$ cat upload37.txt   # compact mmCIF, C-alpha atoms (C1' of nucleotides)
# COMPACT_ATOMS: atom_id res chain seq x y z
CA MET X 765 36.30 -96.38 63.49
CA SER X 766 38.64 -98.18 61.09
CA ALA X 767 39.91 -96.88 57.76
CA VAL X 768 37.62 -99.33 56.02
CA GLU X 769 34.53 -97.80 57.51
CA GLU X 770 35.74 -94.38 56.59
CA THR X 771 36.07 -95.40 52.98
CA ASP X 772 32.54 -96.82 52.95
CA GLN X 773 31.31 -93.67 54.65
CA ALA X 774 32.93 -91.55 52.00
CA ILE X 775 31.38 -93.69 49.28
CA VAL X 776 27.87 -93.58 50.74
CA SER X 777 28.23 -89.87 51.38
CA ALA X 778 29.34 -89.16 47.85
CA LEU X 779 26.55 -91.26 46.36
CA THR X 780 23.82 -89.69 48.48
CA ALA X 781 25.02 -86.31 47.25
CA ASP X 782 25.42 -87.43 43.62
CA GLY X 783 23.93 -90.79 42.77
CA ARG X 784 25.20 -90.72 39.21
CA MET X 785 28.84 -90.09 40.04
CA SER X 786 30.97 -92.43 37.96
CA TYR X 787 33.14 -95.07 39.60
CA THR X 788 36.12 -93.28 38.10
CA ASP X 789 35.33 -90.07 40.00
CA LEU X 790 34.32 -92.00 43.11
CA ALA X 791 37.61 -93.92 43.03
CA GLU X 792 39.57 -90.72 42.82
CA LYS X 793 37.53 -89.17 45.64
CA VAL X 794 38.11 -92.03 48.09
CA GLY X 795 41.61 -92.95 46.94
CA LEU X 796 41.04 -96.44 45.60
CA SER X 797 41.11 -98.13 42.21
CA VAL X 798 37.95 -98.17 40.13
CA SER X 799 37.35 -101.89 40.63
CA ALA X 800 37.86 -101.70 44.40
CA VAL X 801 35.30 -98.93 44.64
CA HIS X 802 33.00 -100.83 42.37
CA GLN X 803 33.26 -103.87 44.60
CA ARG X 804 32.53 -101.83 47.72
CA VAL X 805 29.50 -100.17 46.17
CA ARG X 806 28.15 -103.55 45.16
CA ARG X 807 28.67 -104.83 48.69
CA LEU X 808 26.94 -101.76 50.16
CA GLU X 809 24.01 -102.45 47.84
CA GLN X 810 23.90 -106.13 48.78
CA ARG X 811 24.12 -105.35 52.50
CA GLY X 812 21.13 -103.06 52.03
CA VAL X 813 23.02 -99.94 53.09
CA ILE X 814 22.31 -98.44 49.69
CA ILE X 815 18.70 -99.25 48.84
CA GLY X 816 18.54 -97.65 45.42
CA TYR X 817 19.00 -94.52 43.40
CA GLY X 818 16.51 -91.85 42.45
CA ALA X 819 16.26 -88.54 40.64
CA ARG X 820 15.43 -85.58 42.88
CA VAL X 821 12.70 -83.51 41.30
CA ASP X 822 11.23 -80.05 41.73
CA TYR X 823 7.71 -80.69 42.98
CA ASN X 824 6.51 -77.39 41.56
CA ALA X 825 7.83 -78.30 38.13
CA ILE X 826 6.14 -81.71 38.11
CA GLY X 827 2.78 -80.23 38.95
CA LEU X 828 2.66 -81.05 42.67
CA PRO X 829 3.26 -77.64 44.27
CA LEU X 830 1.27 -78.32 47.43
CA THR X 831 2.95 -80.32 50.21
CA ALA X 832 1.28 -81.17 53.52
CA PHE X 833 1.69 -83.24 56.64
CA VAL X 834 -1.37 -85.28 57.55
CA ALA X 835 -1.49 -86.65 61.09
CA ILE X 836 -4.01 -89.45 61.44
CA ARG X 837 -5.60 -91.44 64.26
CA PRO X 838 -8.23 -94.13 64.15
CA PHE X 839 -11.85 -93.09 64.29
CA ASP X 840 -12.46 -96.07 66.53
CA PRO X 841 -9.47 -96.76 68.82
CA ALA X 842 -10.38 -100.45 68.96
CA GLN X 843 -10.18 -101.01 65.21
CA PRO X 844 -7.28 -102.99 63.72
CA ASP X 845 -4.33 -100.74 62.95
CA ASP X 846 -3.73 -101.43 59.27
CA ALA X 847 -3.68 -97.85 57.98
CA PRO X 848 -0.41 -98.18 55.99
CA GLU X 849 -1.74 -101.04 53.90
CA ARG X 850 -5.05 -99.26 53.39
CA LEU X 851 -3.32 -96.08 52.30
CA ALA X 852 -0.48 -97.48 50.19
CA HIS X 853 -2.51 -97.24 46.98
CA LEU X 854 -2.78 -93.45 47.25
CA SER X 855 0.17 -92.27 45.18
CA GLU X 856 -0.10 -88.73 46.58
CA ILE X 857 1.22 -90.10 49.88
CA GLU X 858 4.98 -89.96 49.56
CA SER X 859 5.87 -91.19 53.03
CA CYS X 860 4.12 -92.82 55.98
CA PHE X 861 5.66 -92.65 59.47
CA SER X 862 4.35 -94.50 62.52
CA VAL X 863 4.86 -92.11 65.41
CA ALA X 864 4.81 -91.88 69.20
CA GLY X 865 2.39 -89.35 70.64
CA GLU X 866 -1.26 -88.59 70.19
CA ASP X 867 -1.32 -89.41 66.51
CA PHE X 868 -0.81 -92.87 65.06
CA TYR X 869 0.78 -91.94 61.76
CA ILE X 870 2.13 -88.88 60.02
CA LEU X 871 1.84 -88.81 56.25
CA LEU X 872 3.77 -86.58 53.90
CA VAL X 873 1.60 -85.83 50.87
CA ARG X 874 2.14 -83.95 47.59
CA VAL X 875 -0.80 -82.69 45.55
CA ALA X 876 -1.55 -80.34 42.68
CA SER X 877 -4.00 -78.01 44.43
CA PRO X 878 -6.13 -77.38 47.54
CA VAL X 879 -9.03 -79.17 45.86
CA ASP X 880 -6.86 -82.21 45.34
CA LEU X 881 -5.80 -82.05 48.98
CA GLU X 882 -9.44 -82.00 50.04
CA ARG X 883 -10.18 -84.98 47.83
CA LEU X 884 -7.13 -86.84 49.16
CA LEU X 885 -8.09 -86.19 52.79
CA GLN X 886 -11.55 -87.62 52.14
CA GLU X 887 -9.98 -90.69 50.58
CA ILE X 888 -7.60 -91.09 53.50
CA ARG X 889 -10.44 -90.82 56.02
CA THR X 890 -12.67 -93.32 54.28
CA SER X 891 -9.91 -95.72 53.20
CA ALA X 892 -8.42 -96.11 56.68
CA ASN X 893 -11.35 -95.04 58.88
CA VAL X 894 -9.31 -92.30 60.53
CA THR X 895 -9.55 -88.66 61.50
CA THR X 896 -7.01 -86.29 60.00
CA ARG X 897 -5.19 -83.16 61.14
CA THR X 898 -3.42 -81.42 58.29
CA THR X 899 -0.50 -79.00 58.33
CA VAL X 900 0.12 -77.25 55.02
CA VAL X 901 3.71 -76.58 53.98
CA LEU X 902 4.20 -72.97 52.86
CA SER X 903 7.80 -73.27 51.66
CA THR X 904 10.72 -75.62 52.00
CA PRO X 905 13.96 -73.87 53.03
CA PHE X 906 15.82 -77.16 52.53
CA GLU X 907 14.95 -80.80 52.01
CA GLN X 908 16.53 -84.23 51.52
CA ARG X 909 20.00 -83.12 52.55
CA ALA X 910 22.67 -85.80 52.45
CA PRO X 911 23.19 -87.26 55.94
CA ARG X 912 26.48 -87.51 57.79
CA ILE X 913 27.16 -91.23 57.92
CA HIS X 914 28.11 -93.40 60.92
CA LEU X 915 28.70 -96.88 59.52
CA ALA X 916 29.18 -99.48 62.22
CA ASP X 917 30.81 -102.47 60.52
CA MET M 1287 -1.82 -83.20 27.70
CA SER M 1288 0.22 -83.73 24.57
CA ALA M 1289 2.27 -86.78 23.65
CA VAL M 1290 5.42 -84.81 24.33
CA GLU M 1291 4.50 -84.26 27.96
CA GLU M 1292 3.67 -87.89 28.36
CA THR M 1293 7.14 -88.85 27.21
CA ASP M 1294 8.73 -86.43 29.66
CA GLN M 1295 6.46 -87.73 32.39
CA ALA M 1296 7.56 -91.27 31.63
CA ILE M 1297 11.20 -90.21 31.73
CA VAL M 1298 10.90 -88.36 35.04
CA SER M 1299 8.88 -91.22 36.47
CA ALA M 1300 11.44 -93.81 35.45
CA LEU M 1301 14.33 -91.75 36.78
CA THR M 1302 12.69 -91.07 40.14
CA ALA M 1303 12.22 -94.81 40.50
CA ASP M 1304 15.71 -95.68 39.25
CA GLY M 1305 18.10 -92.78 38.93
CA ARG M 1306 20.86 -94.90 37.44
CA MET M 1307 18.83 -96.37 34.62
CA SER M 1308 20.88 -96.23 31.43
CA TYR M 1309 19.77 -94.14 28.48
CA THR M 1310 19.54 -97.37 26.53
CA ASP M 1311 16.94 -98.81 28.90
CA LEU M 1312 15.20 -95.46 29.25
CA ALA M 1313 14.99 -95.13 25.46
CA GLU M 1314 13.43 -98.56 25.18
CA LYS M 1315 10.98 -97.78 27.99
CA VAL M 1316 9.68 -94.56 26.45
CA GLY M 1317 9.95 -95.63 22.81
CA LEU M 1318 12.55 -93.18 21.54
CA SER M 1319 16.11 -93.36 20.33
CA VAL M 1320 18.92 -93.14 22.85
CA SER M 1321 20.03 -89.71 21.72
CA ALA M 1322 16.51 -88.30 21.80
CA VAL M 1323 16.05 -89.50 25.37
CA HIS M 1324 19.42 -88.14 26.29
CA GLN M 1325 18.47 -84.77 24.89
CA ARG M 1326 15.19 -84.74 26.81
CA VAL M 1327 16.85 -85.66 30.08
CA ARG M 1328 19.36 -82.89 29.62
CA ARG M 1329 16.56 -80.43 28.97
CA LEU M 1330 14.66 -81.62 32.05
CA GLU M 1331 17.82 -81.05 34.08
CA GLN M 1332 18.36 -77.59 32.59
CA ARG M 1333 14.72 -76.62 33.15
CA GLY M 1334 15.19 -77.61 36.80
CA VAL M 1335 12.56 -80.34 36.68
CA ILE M 1336 15.23 -82.86 37.63
CA ILE M 1337 17.35 -81.26 40.35
CA GLY M 1338 19.83 -84.06 40.86
CA TYR M 1339 20.34 -87.70 41.66
CA GLY M 1340 20.96 -89.42 44.97
CA ALA M 1341 21.43 -92.83 46.52
CA ARG M 1342 18.61 -93.91 48.84
CA VAL M 1343 20.07 -95.31 52.03
CA ASP M 1344 18.87 -97.40 54.95
CA TYR M 1345 19.08 -95.02 57.92
CA ASN M 1346 19.47 -97.93 60.33
CA ALA M 1347 22.42 -99.24 58.36
CA ILE M 1348 24.20 -95.89 58.28
CA GLY M 1349 23.96 -95.48 62.04
CA LEU M 1350 21.02 -93.06 62.18
CA PRO M 1351 18.19 -95.32 63.41
CA LEU M 1352 16.24 -92.59 65.19
CA THR M 1353 14.04 -90.30 63.10
CA ALA M 1354 11.92 -87.52 64.56
CA PHE M 1355 9.80 -84.54 63.60
CA VAL M 1356 10.64 -81.36 65.48
CA ALA M 1357 8.04 -78.59 65.36
CA ILE M 1358 9.50 -75.24 66.33
CA ARG M 1359 8.20 -71.78 67.14
CA PRO M 1360 10.07 -68.68 68.25
CA PHE M 1361 10.64 -68.16 71.93
CA ASP M 1362 9.92 -64.49 71.36
CA PRO M 1363 7.26 -63.97 68.65
CA ALA M 1364 8.74 -60.56 67.82
CA GLN M 1365 12.20 -61.90 66.96
CA PRO M 1366 13.36 -62.04 63.31
CA ASP M 1367 12.36 -65.27 61.65
CA ASP M 1368 15.68 -66.60 60.41
CA ALA M 1369 15.51 -70.12 61.84
CA PRO M 1370 16.39 -71.95 58.58
CA GLU M 1371 19.69 -70.08 58.21
CA ARG M 1372 20.50 -70.56 61.89
CA LEU M 1373 19.77 -74.28 61.70
CA ALA M 1374 21.29 -75.13 58.31
CA HIS M 1375 24.65 -76.05 59.84
CA LEU M 1376 23.12 -78.91 61.85
CA SER M 1377 23.64 -81.90 59.56
CA GLU M 1378 21.18 -84.02 61.56
CA ILE M 1379 18.38 -81.88 60.13
CA GLU M 1380 17.50 -83.50 56.83
CA SER M 1381 14.60 -81.24 55.88
CA CYS M 1382 13.11 -77.95 57.03
CA PHE M 1383 9.52 -77.04 56.13
CA SER M 1384 7.89 -73.68 56.77
CA VAL M 1385 4.31 -74.48 57.74
CA ALA M 1386 0.91 -72.94 58.30
CA GLY M 1387 -0.57 -73.46 61.75
CA GLU M 1388 0.64 -72.96 65.28
CA ASP M 1389 4.22 -73.95 64.55
CA PHE M 1390 6.58 -71.97 62.37
CA TYR M 1391 8.69 -74.81 61.01
CA ILE M 1392 8.71 -78.58 61.01
CA LEU M 1393 12.11 -80.23 60.88
CA LEU M 1394 12.81 -83.83 59.93
CA VAL M 1395 15.85 -85.02 61.86
CA ARG M 1396 17.90 -88.27 61.88
CA VAL M 1397 20.12 -89.15 64.82
CA ALA M 1398 22.00 -92.12 66.24
CA SER M 1399 20.35 -92.33 69.67
CA PRO M 1400 18.03 -90.64 72.17
CA VAL M 1401 21.01 -88.90 73.74
CA ASP M 1402 21.93 -87.46 70.36
CA LEU M 1403 18.35 -86.30 69.92
CA GLU M 1404 18.48 -84.55 73.27
CA ARG M 1405 21.74 -82.86 72.31
CA LEU M 1406 20.33 -81.85 68.93
CA LEU M 1407 17.18 -80.37 70.47
CA GLN M 1408 19.29 -78.25 72.80
CA GLU M 1409 21.32 -77.03 69.85
CA ILE M 1410 18.18 -76.23 67.88
CA ARG M 1411 16.70 -74.29 70.79
CA THR M 1412 19.82 -72.23 71.44
CA SER M 1413 20.81 -71.77 67.78
CA ALA M 1414 17.43 -70.42 66.68
CA ASN M 1415 15.98 -69.21 70.01
CA VAL M 1416 12.92 -71.41 69.63
CA THR M 1417 10.82 -73.85 71.61
CA THR M 1418 10.52 -77.40 70.27
CA ARG M 1419 7.82 -80.07 70.22
CA THR M 1420 9.19 -83.43 69.14
CA THR M 1421 7.41 -86.42 67.65
CA VAL M 1422 9.52 -89.58 67.53
CA VAL M 1423 9.13 -91.90 64.55
CA LEU M 1424 8.67 -95.52 65.64
CA SER M 1425 8.75 -97.13 62.21
CA THR M 1426 8.43 -96.13 58.59
CA PRO M 1427 5.92 -98.25 56.64
CA PHE M 1428 6.99 -96.48 53.46
CA GLU M 1429 9.02 -93.44 52.48
CA GLN M 1430 10.22 -91.43 49.49
CA ARG M 1431 7.88 -93.12 47.04
CA ALA M 1432 8.15 -91.97 43.44
CA PRO M 1433 5.42 -89.41 42.70
CA ARG M 1434 2.91 -89.55 39.89
CA ILE M 1435 3.94 -86.73 37.59
CA HIS M 1436 1.78 -83.96 36.09
CA LEU M 1437 4.09 -81.98 33.80
CA ALA M 1438 2.49 -78.80 32.52
CA ASP M 1439 4.61 -77.69 29.56
C1' DT H 684 12.64 -82.73 17.61
C1' DC H 685 14.13 -87.10 16.01
C1' DT H 686 17.52 -90.70 14.11
C1' DG H 687 21.83 -93.13 13.38
C1' DA H 688 26.63 -93.59 13.78
C1' DA H 689 31.14 -92.99 15.67
C1' DA H 690 34.48 -91.73 19.39
C1' DG H 691 35.56 -91.88 23.83
C1' DG H 692 34.65 -93.14 28.49
C1' DT H 693 32.62 -96.36 31.87
C1' DT H 694 31.11 -100.68 33.83
C1' DC H 695 31.97 -105.20 34.87
C1' DT H 696 34.30 -109.63 35.08
C1' DA H 697 38.23 -112.37 35.48
C1' DT H 698 42.71 -113.06 37.09
C1' DC H 699 46.58 -112.19 39.96
C1' DA H 700 48.90 -110.03 44.05
C1' DT Z 630 40.80 -106.65 49.91
C1' DG Z 631 42.90 -104.50 46.30
C1' DA Z 632 45.09 -103.89 41.45
C1' DT Z 633 45.33 -104.53 36.48
C1' DA Z 634 43.47 -105.44 32.00
C1' DG Z 635 40.26 -106.26 28.47
C1' DA Z 636 35.57 -106.94 26.56
C1' DA Z 637 31.08 -105.22 26.54
C1' DC Z 638 28.35 -101.59 27.15
C1' DC Z 639 27.06 -96.79 27.77
C1' DT Z 640 27.38 -91.80 27.14
C1' DT Z 641 27.98 -88.03 24.37
C1' DT Z 642 28.31 -85.45 20.25
C1' DC Z 643 27.46 -84.49 15.52
C1' DA Z 644 25.54 -84.55 10.93
C1' DG Z 645 21.34 -85.12 8.52
C1' DA Z 646 16.38 -85.17 8.05
$ encode --input "upload37.txt" --output "structure tokens"
Amino acid sequence: MSAVEETDQAIVSALTADGRMSYTDLAEKVGLSVSAVHQRVRRLEQRGVIIGYGARVDYNAIGLPLTAFVAIRPFDPAQPDDAPERLAHLSEIESCFSVAGEDFYILLVRVASPVDLERLLQEIRTSANVTTRTTVVLSTPFEQRAPRIHLAD
Amino acid sequence: MSAVEETDQAIVSALTADGRMSYTDLAEKVGLSVSAVHQRVRRLEQRGVIIGYGARVDYNAIGLPLTAFVAIRPFDPAQPDDAPERLAHLSEIESCFSVAGEDFYILLVRVASPVDLERLLQEIRTSANVTTRTTVVLSTPFEQRAPRIHLAD
DNA sequence: TCTGAAAGGTTCTATCA
DNA sequence: TGATAGAACCTTTCAGA
């Protein structure tokens, strides 16, 4: 681990925790000039280390208080496995993970109510020709915590 | 749904998609003056609708290429259910969801390698006195998509 | 709740070490 | 790679409607 990596780690760490931190503050935090930090951030963005920036929202406040995991597997095991493309149009699906194990994919979904979840599950089943197994989230002790970074460059 | 809500929806939507968008661009996008938008964003932050801002990173690039779901349940069903507090110190755990169903919690974890996953699972089991059932993520077709907002105020 | 304007800070580029 | 400096732009606040 060189000092360079450590600086980039500190930058990525700081920006995952606060994506709107100014370059002035960031520079002070990592002990570089504003333009040097600016340059490094731009390089991290170009390298694809930093993909983008987003606001974190309270899902209750934006009218999506019901979170669930939906594990899916094909109705017919021989059918082509194109579930992600078939499901991408459903905006209630926040994330889609291809997984090892009995299921093919695990979806993380956010909806307004149980009725909306029912409707969504029907759409998922018909859109991708899959069976679903749903686990409802009751509460979220913590979520989207900033990772500890291990840059290897 | 009033016009006011729609403006706030547009603001939250835009900021979840691009958390660093300038107030100038945001103002143009939602058809208000810069100061009006600024005021609304500040109110959304104060109301807790917008919790914060963060950089989205490529987990491969930051040295955490292995993602997994870890479902946990207490080793002894009679023990106090304080798993989230006991696990919060493990930085590899990005999210912790309390769920309905056979499991008590589902954790989303990010680690560098299978060996690190093994180590983490041992720490989870001993820290919280739980059994674990792990589902490894093979690939992520999509993740952290911006939600469609339904503000109710 | 919105607008417009002004002050101060930040981003970004260019240039040099 | 990093620093400095300056122009352009953005954020923030305030008065007024």
$ residues_around --input "upload37.txt" --residues "Ile1358 (chain M)" --least-positions-apart "5" --cutoff "10 Å" --atoms "only C-alpha atoms (C1' of nucleotides)" --output "CSV table (one decimal) with C-alpha atoms, in the coordinates of the input"
chain,number,residue,atom,x,y,z
M,1369,ALA,CA,15.5,-70.1,61.8
M,1384,SER,CA,7.9,-73.7,56.8
M,1388,GLU,CA,0.6,-73.0,65.3
M,1389,ASP,CA,4.2,-74.0,64.6
M,1390,PHE,CA,6.6,-72.0,62.4
M,1391,TYR,CA,8.7,-74.8,61.0
M,1392,ILE,CA,8.7,-78.6,61.0
M,1393,LEU,CA,12.1,-80.2,60.9
M,1410,ILE,CA,18.2,-76.2,67.9
M,1411,ARG,CA,16.7,-74.3,70.8
M,1414,ALA,CA,17.4,-70.4,66.7
M,1415,ASN,CA,16.0,-69.2,70.0
M,1416,VAL,CA,12.9,-71.4,69.6
M,1417,THR,CA,10.8,-73.8,71.6
M,1418,THR,CA,10.5,-77.4,70.3
M,1419,ARG,CA,7.8,-80.1,70.2
M,1420,THR,CA,9.2,-83.4,69.1
$ closest_atom_pairs --input "upload37.txt" --of "chain M" --to "chain Z" --cutoff "9 Å" --atoms "only C-alpha atoms (C1' of nucleotides)" --output "Markdown table"
| residue | atom | partner | partner_atom | distance |
| --- | --- | --- | --- | --- |
| M:Ser1308 | CA | Z:DC639 | C1' | 7.2 |
| M:Tyr1309 | CA | Z:DC639 | C1' | 7.8 |
| M:Thr1310 | CA | Z:DC639 | C1' | 7.6 |
| M:Ser1321 | CA | Z:DT641 | C1' | 8.5 |
| M:His1324 | CA | Z:DT641 | C1' | 8.8 |
$ atom_distance --input "upload37.txt" --atom1 "CA of Arg1431 (chain M)" --atom2 "CA of Thr1353 (chain M)"
17.4 Å
$ atom_distance --input "upload37.txt" --atom1 "CA of Val875 (chain X)" --atom2 "CA of Leu828 (chain X)"
4.8 Å
$ interface_residues --input "upload37.txt" --of "chain H" --to "chain M" --cutoff "12 Å" --atoms "only C-alpha atoms (C1' of nucleotides)" --output "ChimeraX atom specification"
/H:684-688,693-694
$ interface_residues --input "upload37.txt" --of "chain M" --to "chain X" --cutoff "6 Å" --atoms "all atoms listed in the file" --output "number ranges by chain"
M: 1301-1305, 1335-1344, 1347-1349, 1380-1386, 1422-1431, 1435-1437
$ write_last_selection --input "upload37.txt" --atoms "C-alpha atoms" --output "compact mmCIF listing (two decimals), keeping the file's coordinate frame"
# COMPACT_ATOMS: atom_id res chain seq x y z
CA LEU M 1301 14.33 -91.75 36.78
CA THR M 1302 12.69 -91.07 40.14
CA ALA M 1303 12.22 -94.81 40.50
CA ASP M 1304 15.71 -95.68 39.25
CA GLY M 1305 18.10 -92.78 38.93
CA VAL M 1335 12.56 -80.34 36.68
CA ILE M 1336 15.23 -82.86 37.63
CA ILE M 1337 17.35 -81.26 40.35
CA GLY M 1338 19.83 -84.06 40.86
CA TYR M 1339 20.34 -87.70 41.66
CA GLY M 1340 20.96 -89.42 44.97
CA ALA M 1341 21.43 -92.83 46.52
CA ARG M 1342 18.61 -93.91 48.84
CA VAL M 1343 20.07 -95.31 52.03
CA ASP M 1344 18.87 -97.40 54.95
CA ALA M 1347 22.42 -99.24 58.36
CA ILE M 1348 24.20 -95.89 58.28
CA GLY M 1349 23.96 -95.48 62.04
CA GLU M 1380 17.50 -83.50 56.83
CA SER M 1381 14.60 -81.24 55.88
CA CYS M 1382 13.11 -77.95 57.03
CA PHE M 1383 9.52 -77.04 56.13
CA SER M 1384 7.89 -73.68 56.77
CA VAL M 1385 4.31 -74.48 57.74
CA ALA M 1386 0.91 -72.94 58.30
CA VAL M 1422 9.52 -89.58 67.53
CA VAL M 1423 9.13 -91.90 64.55
CA LEU M 1424 8.67 -95.52 65.64
CA SER M 1425 8.75 -97.13 62.21
CA THR M 1426 8.43 -96.13 58.59
CA PRO M 1427 5.92 -98.25 56.64
CA PHE M 1428 6.99 -96.48 53.46
CA GLU M 1429 9.02 -93.44 52.48
CA GLN M 1430 10.22 -91.43 49.49
CA ARG M 1431 7.88 -93.12 47.04
CA ILE M 1435 3.94 -86.73 37.59
CA HIS M 1436 1.78 -83.96 36.09
CA LEU M 1437 4.09 -81.98 33.80
$ axis_aligned_box --input "upload37.txt" --around "region 685-700 of chain H" --padding-each-side "6 Å" --output "JSON"
{"center_x": 31.5, "center_y": -100.1, "center_z": 28.7, "size_x": 46.8, "size_y": 38.0, "size_z": 42.7}
$ atom_distance --input "upload37.txt" --atom1 "CA of Leu854 (chain X)" --atom2 "CA of Glu887 (chain X)"
8.4 Å
